[in-house]
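Worksheet: one structure, shown below.
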Amino acid sequence: MKDGYADVIVDISAGELDRVFQYRIPQELADQVSAGTLVTVPFGRGNRSVKAYVVATGSRPQIEEDKIKDILSVPTEPVSVESRLITLAAWMKKTYGCTMLQALKTVLPMKEKVRRKKKRRLFLNMTREEAKLQAEEYGKKHRAARERLLRALLEEEPLDYDRAQKDWKLTAAVIDKARELGIIRVEEEEVYRIPPMAGFDRPAGRELSRQQRWITEEILRESGGERRPCLIYGITGSGKTRVYMELIERTLARGKQAIVLIPEIALTYQVIYQFWQRFGRQAAVIHSRMSQGERWDAFDGARKGRISVMIGPRSALFTPFPDLGLIVMDEEHESTYKSESTPRYHTREAAAARCRIEQAQMVMGSATPSLESYYACQRGAYRLFTLKERFGNGQLPQVTVADMREELREGNLSVFCRKLQEALRERLEKKEQSILFLNRRGYAGFISCRSCGCVVKCPHCDVSLSLHGEGTLMCHYCGYTAPMVRSCPQCGSRYIGGFRAGTEQIEKLVKEMFPSARTLRMDLDTTRKKESYSRILSSFAAGEADILIGTQMIIKGHDFPGVTLVGILAADLSLYAADYRASERTFQLLVQAVGRAGRGERKGEAVIQTYHPEHYSIQAACRQDYPAFFEEEMNYRSLMGYPPAASMLAVQGSSLEEGQLALGMEYLAKYVRSAVKDKDLAVIGPADETISRISDRYRKVFYLKHPKREFLSALQRRMERYIEVNPGFRKISIQFDYQI
């Protein structure tokens with residue numbers, strides 16, 4: 001029988017993940033060893049027996065065979081959380097085409113061990129009467145520092161070590177000497193660095209509606225059966241968070257732990273605070289703005305059982321819970337769930353994989369589900385639950401669509417339509433709050449006509465052409481180019497160009513129009529500091545401003561009961577972005593934005609400004625009608641062969657040498673065209689990326705379309721082998737990115 005070999009890592013906590021060691025798998029252990037298995041191996045010159053984790057297996061030795069040692073045994077102890085995470089890393093390597101080390105560095109964040117933070121406190125080692133006498137004795141002997149130490153402890157016991165040094169001017173030498181003499185004792189305790197959270201006064205209640213209770217019970221029943229991922233499609237304000245928290249409470253009651261994934265931690269402080277109010281210090285938060293020490297404490301607390309609920313963006317998925325029972329993925333449609341660095345995993349897929357490994361339940365929720373998730377529900381891979389009404393007595397806002405072409409024809413050159421101006425004035429008079437949302441997502445220089453709404457599009461890919469410099473329009477899917485137009489090709493108008501207004505300009509116009517209005521602005525410039533998100537949101541929630549102006553970050557998951565008006569400026573900016581998902585993302589943004597209005601006792605109103613009021617994504621968003629949008633959008637995706645109707649793989653190349661990159665990408669695309677004879681395979685490109693150069697690295701891409709994901713995965717492995725044996729690719733970095 002042919003020998004098998006295993007690559008192992010020896011010490012996860014030490015962070016030595018850049019080095020793997022190869023061992024031979026004895027035939028009697030062959031059926032027991034796979035990626036993630038805990039094994040015992042002889043290590044080092046002394047061949048001391050140590051535990052290691054298998055990260056990959058294979059049939060070829062990577063070093064001289066006489067230098068390869070045998071695995072000693074496979075311990076029978078229960079499978080550890082590290083082992084399960086390594087199994088997840090192996091799945092990521094196979095699915096996304098990264099190296100095992102890249103996958104390990106993603107799923108094992110606990111490798112970044114840091115020093116413990118300790119709190120030291122001083123105590124008297126004698127009675128208070130003895131301490132008073134000793135202090136008097138030190139005073140007589142002019143031992144002023146020791147006398148001061150005892151006086152401090154008589155006034156405050158225990159005494160914080162840092163306070164003793166700062167407020168009582170006691171040096172470390174004085175404290176150490178007093179401890180040596182037995183006068184005092186110093187006790188240490190570990191301090192867990194939990195970042196403070198700004199609070200909001202609207203905790204989610206525990207009461208559930210009949211529909212919410214039914215959904216909760218059905219999901220729990222699913223978790224005891226097939227364990228299909230469950231999707232809760234609920235309109236804005238329908239109470240999805242209440243269902244999540246009830247499921248988490250039931251999970252904790254069974255002695256298991258839960259992960260709550262949210263798109264971006266800084267944008268959902270209200271949601272986090274609700275979880276803290278319900279679960280107290282059992283819940284913790286993890287995100288990129290935390291210090292390394294805070295992140296270490298959060299993961300270490302999860303591993304040791306001090307924390308049972310972890311809340312955070314993508315990285316929270318890899319929390320080392322020993323007995324994971326539930327993963328909740330809120331706002332599952334958000335694009336931030338897709339990793340932009342290698343491995344290019346999607347959190348939805350990785351979470352489902354971890355649930356399979358851990359035998360846990362996955363629950364997703366959104367008012368605007370991704371087409372991929374809703375399509376999976378249609379096929380029976382996911383289970384769908386629907387909440388069609390707002391919780392309590394809440395009502396959906398009244399929506400008005402303002403045709404900006406008509407505004408222009410009637411002489412209104414303002415950024416604001418007349419309806420929105422009137423509505424803002426009315427809210428200020430009533431002391432009610434408003435939100436102005438500038439839809440900047442997808443802004444990449446597309447060209448549109450203000451007179452008729454015409455957008456210059458690629459004749460081959462049905463996406464908008466992007467403006468490069470001032471002279472060229474380009475498609476970033478197939479590379480088609482055309483000269484910049486100076487008049488509208490449809491109506492001949494000179495009012496053609498790109499939208500140039502930003503949030504700062506909008507705020508200035510609001511102040512000119514309504515001088516007495518109190519405004520807050522929330523965008524990249526105003527949220528650079530660590531606590532700026534919570535400060536702005538807390539101020540607005542407390543009624544310290546009348547109008548909140550901002551980009552996407554102001555419409556995600558926030559619940560402001562005083563807001564009765566939402567104005568959506570320039571919906572077309574995302575509608576005609578150079579991306580096949582433009583209509584879907586526009587619909588999602590509009591529904592989320594409209595949903596911020598009328599969440600309190602007073603009915604809300606929303607005004608959508610657009611040059612294309614007849615577009616199906618805008619019409620469906622007005623009615624909050626997701627099924628109608630899904631049907632229209634799937635027809636378009638099926639016609640064009642875009643996901644989820646088909647699978648699509650982006651092959652992305654970058655290099656410091658522009659000519660080498662262009663040649664390499666052409667050769668790789670030609671290899672695919674010549675090596676694969678399949679009528680269902682489409683190869684599009686190569687073309688420049690949307691941003692064709694970053695940090696002096698040139699960037700190109702081509703796309704592969706096929707009905708089956710498995711076909712593209714096999715083709716990806718063939719391309720990897722082709723790249724490996726061709727020296728021309730040594731100066732080119734190639735990444736594979738599945739479009740999901």
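Naming works like this for the structure tokens: A, B, ... for the chains as they're shown, residue 1 at the start of each chain, ligands 1 onward in shown order.
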Strand (DSSP E or B) per DSSP on the backbone: members of range 8-208 of chain A, as a PyMOL selection string | chain A and resi 8-9+21-25+38-43+48-58+69-70+73+117-124+159-160+184-191
Go ahead and write the residues just picked, N, CA and C atoms, as a compact mmCIF listing (two decimals), in the first residue's frame.
```
# COMPACT_ATOMS: atom_id res chain seq x y z
N VAL A 8 1.57 19.06 9.28
CA VAL A 8 1.00 19.41 10.59
C VAL A 8 1.56 20.74 11.06
N ILE A 9 0.80 21.40 11.93
CA ILE A 9 1.31 22.54 12.69
C ILE A 9 1.39 22.09 14.14
N PHE A 21 5.18 20.98 9.21
CA PHE A 21 6.12 19.86 9.23
C PHE A 21 5.43 18.64 8.65
N GLN A 22 6.18 17.86 7.89
CA GLN A 22 5.58 16.69 7.25
C GLN A 22 5.94 15.41 8.00
N TYR A 23 4.92 14.57 8.18
CA TYR A 23 5.08 13.27 8.84
C TYR A 23 4.45 12.19 7.98
N ARG A 24 4.93 10.96 8.17
CA ARG A 24 4.37 9.81 7.46
C ARG A 24 3.17 9.28 8.26
N ILE A 25 2.11 8.92 7.56
CA ILE A 25 0.93 8.35 8.21
C ILE A 25 1.07 6.83 8.20
N LEU A 38 -6.30 15.84 15.42
CA LEU A 38 -5.26 16.01 16.43
C LEU A 38 -4.42 14.74 16.47
N VAL A 39 -3.09 14.89 16.35
CA VAL A 39 -2.20 13.73 16.36
C VAL A 39 -1.06 13.98 17.34
N THR A 40 -0.36 12.90 17.68
CA THR A 40 0.85 12.99 18.49
C THR A 40 2.03 12.65 17.59
N VAL A 41 3.07 13.51 17.61
CA VAL A 41 4.22 13.30 16.73
C VAL A 41 5.52 13.45 17.52
N PRO A 42 6.60 12.80 17.04
CA PRO A 42 7.92 13.03 17.64
C PRO A 42 8.49 14.33 17.07
N PHE A 43 8.94 15.22 17.94
CA PHE A 43 9.32 16.56 17.48
C PHE A 43 10.70 16.93 17.99
N ARG A 48 10.81 14.50 21.31
CA ARG A 48 9.81 14.56 22.38
C ARG A 48 8.42 14.47 21.78
N SER A 49 7.53 13.82 22.49
CA SER A 49 6.16 13.61 22.00
C SER A 49 5.34 14.87 22.20
N VAL A 50 4.82 15.46 21.10
CA VAL A 50 4.00 16.67 21.20
C VAL A 50 2.73 16.48 20.40
N LYS A 51 1.73 17.29 20.73
CA LYS A 51 0.47 17.26 19.98
C LYS A 51 0.55 18.23 18.80
N ALA A 52 -0.07 17.83 17.71
CA ALA A 52 -0.06 18.66 16.50
C ALA A 52 -1.39 18.50 15.79
N TYR A 53 -1.68 19.44 14.88
CA TYR A 53 -2.91 19.38 14.10
C TYR A 53 -2.57 19.17 12.63
N VAL A 54 -3.27 18.24 12.01
CA VAL A 54 -3.07 17.98 10.59
C VAL A 54 -3.76 19.08 9.79
N VAL A 55 -3.02 19.68 8.85
CA VAL A 55 -3.61 20.74 8.02
C VAL A 55 -3.84 20.27 6.59
N ALA A 56 -3.14 19.20 6.19
CA ALA A 56 -3.34 18.66 4.84
C ALA A 56 -2.75 17.26 4.78
N THR A 57 -3.27 16.45 3.88
CA THR A 57 -2.72 15.12 3.64
C THR A 57 -2.43 14.96 2.16
N GLY A 58 -1.52 14.06 1.83
CA GLY A 58 -1.18 13.84 0.43
C GLY A 58 -0.39 12.56 0.27
N LYS A 69 9.51 11.46 9.76
CA LYS A 69 9.17 10.61 10.90
C LYS A 69 7.70 10.18 10.81
N ASP A 70 7.36 9.15 11.55
CA ASP A 70 5.99 8.64 11.58
C ASP A 70 5.16 9.34 12.64
N SER A 73 0.46 8.62 17.16
CA SER A 73 -0.88 8.16 17.53
C SER A 73 -1.91 9.22 17.22
N LYS A 117 -3.48 41.70 30.83
CA LYS A 117 -3.58 42.94 31.58
C LYS A 117 -3.99 42.58 33.00
N LYS A 118 -3.24 43.06 33.97
CA LYS A 118 -3.51 42.70 35.36
C LYS A 118 -3.81 43.95 36.18
N LYS A 119 -4.68 43.78 37.14
CA LYS A 119 -4.99 44.85 38.08
C LYS A 119 -4.44 44.46 39.44
N ARG A 120 -3.63 45.36 40.04
CA ARG A 120 -3.03 45.07 41.34
C ARG A 120 -3.68 45.94 42.41
N ARG A 121 -3.94 45.31 43.54
CA ARG A 121 -4.56 46.04 44.66
C ARG A 121 -3.77 45.77 45.94
N LEU A 122 -3.72 46.77 46.82
CA LEU A 122 -2.97 46.68 48.07
C LEU A 122 -3.93 46.46 49.24
N PHE A 123 -3.52 45.57 50.16
CA PHE A 123 -4.32 45.27 51.35
C PHE A 123 -3.42 45.36 52.59
N LEU A 124 -4.01 45.73 53.73
CA LEU A 124 -3.29 45.68 55.00
C LEU A 124 -3.07 44.24 55.40
N LEU A 159 -6.61 49.30 48.06
CA LEU A 159 -6.13 50.49 47.36
C LEU A 159 -5.55 50.07 46.02
N ASP A 160 -6.06 50.68 44.93
CA ASP A 160 -5.55 50.38 43.60
C ASP A 160 -4.08 50.77 43.51
N ILE A 184 2.00 44.89 54.27
CA ILE A 184 0.89 44.85 53.31
C ILE A 184 1.02 43.60 52.45
N ARG A 185 0.01 43.31 51.71
CA ARG A 185 0.08 42.28 50.67
C ARG A 185 -0.49 42.87 49.38
N VAL A 186 0.01 42.35 48.26
CA VAL A 186 -0.42 42.82 46.94
C VAL A 186 -1.11 41.65 46.24
N GLU A 187 -2.35 41.87 45.81
CA GLU A 187 -3.10 40.84 45.09
C GLU A 187 -3.30 41.27 43.65
N GLU A 188 -3.18 40.31 42.74
CA GLU A 188 -3.35 40.57 41.32
C GLU A 188 -4.56 39.83 40.78
N GLU A 189 -5.26 40.45 39.84
CA GLU A 189 -6.31 39.77 39.11
C GLU A 189 -6.28 40.20 37.66
N GLU A 190 -6.63 39.25 36.78
CA GLU A 190 -6.64 39.56 35.36
C GLU A 190 -7.80 40.49 35.03
N VAL A 191 -7.54 41.46 34.19
CA VAL A 191 -8.56 42.39 33.75
C VAL A 191 -8.85 42.12 32.29
```
Quick one: residues within 12 Å of Phe711 in chain A, only C-alpha atoms counted, chain neighbours fewer than 5 positions away excluded, as a ChimeraX atom specification?
-> /A:646-649,676,678,680-681,704-706,716-718
Since we have the selection now, will you write its residues out, keeping all heavy atoms, as a short mmCIF file (atom, residue, chain, number, x, y, z; two decimals), in the first residue's frame?
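Below is the file that was written, result.cif:
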```
data_model
loop_
_atom_site.label_atom_id
_atom_site.label_comp_id
_atom_site.auth_asym_id
_atom_site.auth_seq_id
_atom_site.Cartn_x
_atom_site.Cartn_y
_atom_site.Cartn_z
N ALA A 646 -26.39 31.45 -12.84
CA ALA A 646 -25.21 30.69 -13.25
C ALA A 646 -24.09 31.05 -12.28
O ALA A 646 -24.25 31.95 -11.44
CB ALA A 646 -24.83 31.03 -14.69
N SER A 647 -22.97 30.36 -12.40
CA SER A 647 -21.82 30.67 -11.55
C SER A 647 -20.83 31.52 -12.35
O SER A 647 -20.70 31.36 -13.57
CB SER A 647 -21.15 29.39 -11.07
OG SER A 647 -22.00 28.69 -10.18
N MET A 648 -20.14 32.41 -11.65
CA MET A 648 -19.18 33.28 -12.33
C MET A 648 -17.93 33.41 -11.47
O MET A 648 -18.01 33.65 -10.26
CB MET A 648 -19.78 34.65 -12.60
CG MET A 648 -18.88 35.54 -13.46
SD MET A 648 -19.75 36.91 -14.27
CE MET A 648 -19.91 38.06 -12.92
N LEU A 649 -16.78 33.23 -12.09
CA LEU A 649 -15.49 33.31 -11.41
C LEU A 649 -14.68 34.45 -12.02
O LEU A 649 -14.48 34.50 -13.23
CB LEU A 649 -14.73 31.99 -11.57
CG LEU A 649 -13.29 31.93 -11.05
CD1 LEU A 649 -13.24 32.17 -9.55
CD2 LEU A 649 -12.64 30.60 -11.41
N VAL A 676 -10.50 23.98 -22.67
CA VAL A 676 -11.83 23.56 -22.23
C VAL A 676 -12.82 23.69 -23.38
O VAL A 676 -13.08 24.80 -23.85
CB VAL A 676 -12.31 24.39 -21.02
CG1 VAL A 676 -13.68 23.92 -20.57
CG2 VAL A 676 -11.30 24.31 -19.88
N ASP A 678 -16.33 23.37 -23.88
CA ASP A 678 -17.65 23.24 -23.26
C ASP A 678 -18.49 24.41 -23.74
O ASP A 678 -18.16 25.58 -23.48
CB ASP A 678 -17.54 23.24 -21.73
CG ASP A 678 -18.85 22.89 -21.05
OD1 ASP A 678 -19.88 23.54 -21.36
OD2 ASP A 678 -18.86 21.97 -20.21
N ASP A 680 -21.13 25.59 -22.71
CA ASP A 680 -21.74 26.40 -21.65
C ASP A 680 -20.75 27.34 -20.98
O ASP A 680 -21.14 28.15 -20.14
CB ASP A 680 -22.35 25.49 -20.58
CG ASP A 680 -23.58 24.74 -21.10
OD1 ASP A 680 -24.31 25.31 -21.92
OD2 ASP A 680 -23.79 23.58 -20.67
N LEU A 681 -19.46 27.23 -21.30
CA LEU A 681 -18.45 28.09 -20.69
C LEU A 681 -18.31 29.37 -21.50
O LEU A 681 -18.12 29.34 -22.71
CB LEU A 681 -17.11 27.38 -20.61
CG LEU A 681 -15.95 28.22 -20.06
CD1 LEU A 681 -16.17 28.56 -18.59
CD2 LEU A 681 -14.61 27.51 -20.25
N LEU A 704 -15.20 34.09 -15.97
CA LEU A 704 -15.64 32.80 -16.49
C LEU A 704 -17.05 32.54 -15.99
O LEU A 704 -17.33 32.64 -14.80
CB LEU A 704 -14.71 31.68 -16.01
CG LEU A 704 -13.22 31.86 -16.31
CD1 LEU A 704 -12.42 30.73 -15.68
CD2 LEU A 704 -12.98 31.90 -17.81
N LYS A 705 -17.95 32.21 -16.93
CA LYS A 705 -19.34 31.89 -16.58
C LYS A 705 -19.64 30.45 -16.95
O LYS A 705 -19.25 29.98 -18.03
CB LYS A 705 -20.32 32.80 -17.32
CG LYS A 705 -20.31 34.25 -16.94
CD LYS A 705 -21.39 34.97 -17.76
CE LYS A 705 -21.37 36.46 -17.57
NZ LYS A 705 -22.39 37.12 -18.42
N HIS A 706 -20.36 29.76 -16.07
CA HIS A 706 -20.80 28.39 -16.35
C HIS A 706 -21.97 28.08 -15.44
O HIS A 706 -22.05 28.59 -14.32
CB HIS A 706 -19.66 27.38 -16.12
CG HIS A 706 -19.93 26.03 -16.70
ND1 HIS A 706 -20.63 25.06 -16.01
CD2 HIS A 706 -19.61 25.49 -17.90
CE1 HIS A 706 -20.72 23.98 -16.77
NE2 HIS A 706 -20.11 24.21 -17.93
N GLN A 716 -10.56 26.06 -12.12
CA GLN A 716 -9.64 26.86 -11.31
C GLN A 716 -8.39 26.06 -10.95
O GLN A 716 -7.26 26.55 -11.06
CB GLN A 716 -10.33 27.31 -10.02
CG GLN A 716 -9.41 28.01 -9.04
CD GLN A 716 -10.06 28.19 -7.68
OE1 GLN A 716 -11.24 28.54 -7.60
NE2 GLN A 716 -9.32 27.94 -6.62
N ARG A 717 -8.56 24.80 -10.57
CA ARG A 717 -7.41 23.96 -10.21
C ARG A 717 -6.51 23.72 -11.43
O ARG A 717 -5.28 23.66 -11.31
CB ARG A 717 -7.89 22.65 -9.59
CG ARG A 717 -8.46 22.83 -8.19
CD ARG A 717 -8.74 21.51 -7.51
NE ARG A 717 -9.94 20.87 -8.02
CZ ARG A 717 -11.18 21.12 -7.57
NH1 ARG A 717 -11.36 22.01 -6.59
NH2 ARG A 717 -12.22 20.48 -8.07
N ARG A 718 -7.12 23.59 -12.61
CA ARG A 718 -6.31 23.44 -13.84
C ARG A 718 -5.51 24.71 -14.10
O ARG A 718 -4.33 24.65 -14.50
CB ARG A 718 -7.21 23.11 -15.03
CG ARG A 718 -7.84 21.73 -14.95
CD ARG A 718 -8.70 21.43 -16.17
NE ARG A 718 -7.91 21.33 -17.40
CZ ARG A 718 -8.42 20.99 -18.58
NH1 ARG A 718 -9.72 20.73 -18.69
NH2 ARG A 718 -7.64 20.93 -19.65
#
```
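If only C-alpha atoms are the atoms counted, then among A:Thr236, A:Thr342, A:Gln282, A:Gln739 the closest residue to Thr106 in chain A is A:Thr342.
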Within range 172-377 of chain A, find each residue whose DSSP state, derived from the backbone, is alpha helix (DSSP H), and express the selection as a ChimeraX atom specification.
-> /A:172-180,210-223,240-253,269-279,292-303,347-358,371-377
Selection near range 657-669 of chain A, 10 Å with only C-alpha atoms, sequence-local residues under 5 positions removed, as a PyMOL selection string | chain A and resi 651-652+674-675+683-688+693+696-704+719+722-723+726+728-729+731-734
Which neighbours of His460 in chain A fall inside 12 Å, counting only C-alpha atoms, when residues of the same chain fewer than 4 positions from it are skipped, and could you give them as a list in words?
-> Ser464, Leu465, Met474, Cys475, His476, Tyr477, Cys478, Gly479, Tyr480, Thr481, Met640, Ile684 and Gly685 of chain A
May I have the residues from that selection written out with C-alpha atoms, as a compact mmCIF listing (two decimals), in the first residue's frame?
```txt
# COMPACT_ATOMS: atom_id res chain seq x y z
CA SER A 464 -22.83 51.28 -17.48
CA LEU A 465 -19.58 52.50 -18.97
CA MET A 474 -14.84 51.84 -20.52
CA CYS A 475 -16.59 48.58 -19.60
CA HIS A 476 -14.81 46.74 -16.78
CA TYR A 477 -16.25 43.38 -17.77
CA CYS A 478 -15.21 43.02 -21.41
CA GLY A 479 -12.90 45.99 -22.05
CA TYR A 480 -15.15 47.79 -24.58
CA THR A 481 -14.21 51.47 -24.91
CA MET A 640 -27.28 37.41 -19.08
CA ILE A 684 -15.21 37.51 -20.90
CA GLY A 685 -12.16 39.74 -21.12
```
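In this comparison, which uses only C-alpha atoms, the residue of A:Ala593, A:Ala578, A:Leu384, A:Met553 approaching Val456 in chain A most closely is A:Ala578.
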If you count only C-alpha atoms, which residues fall within 8 Å of Glu389 in chain A, apart from same-chain ones fewer than 5 positions away, as an NGL selection string?
-> :A and (234-235 or 238 or 395)
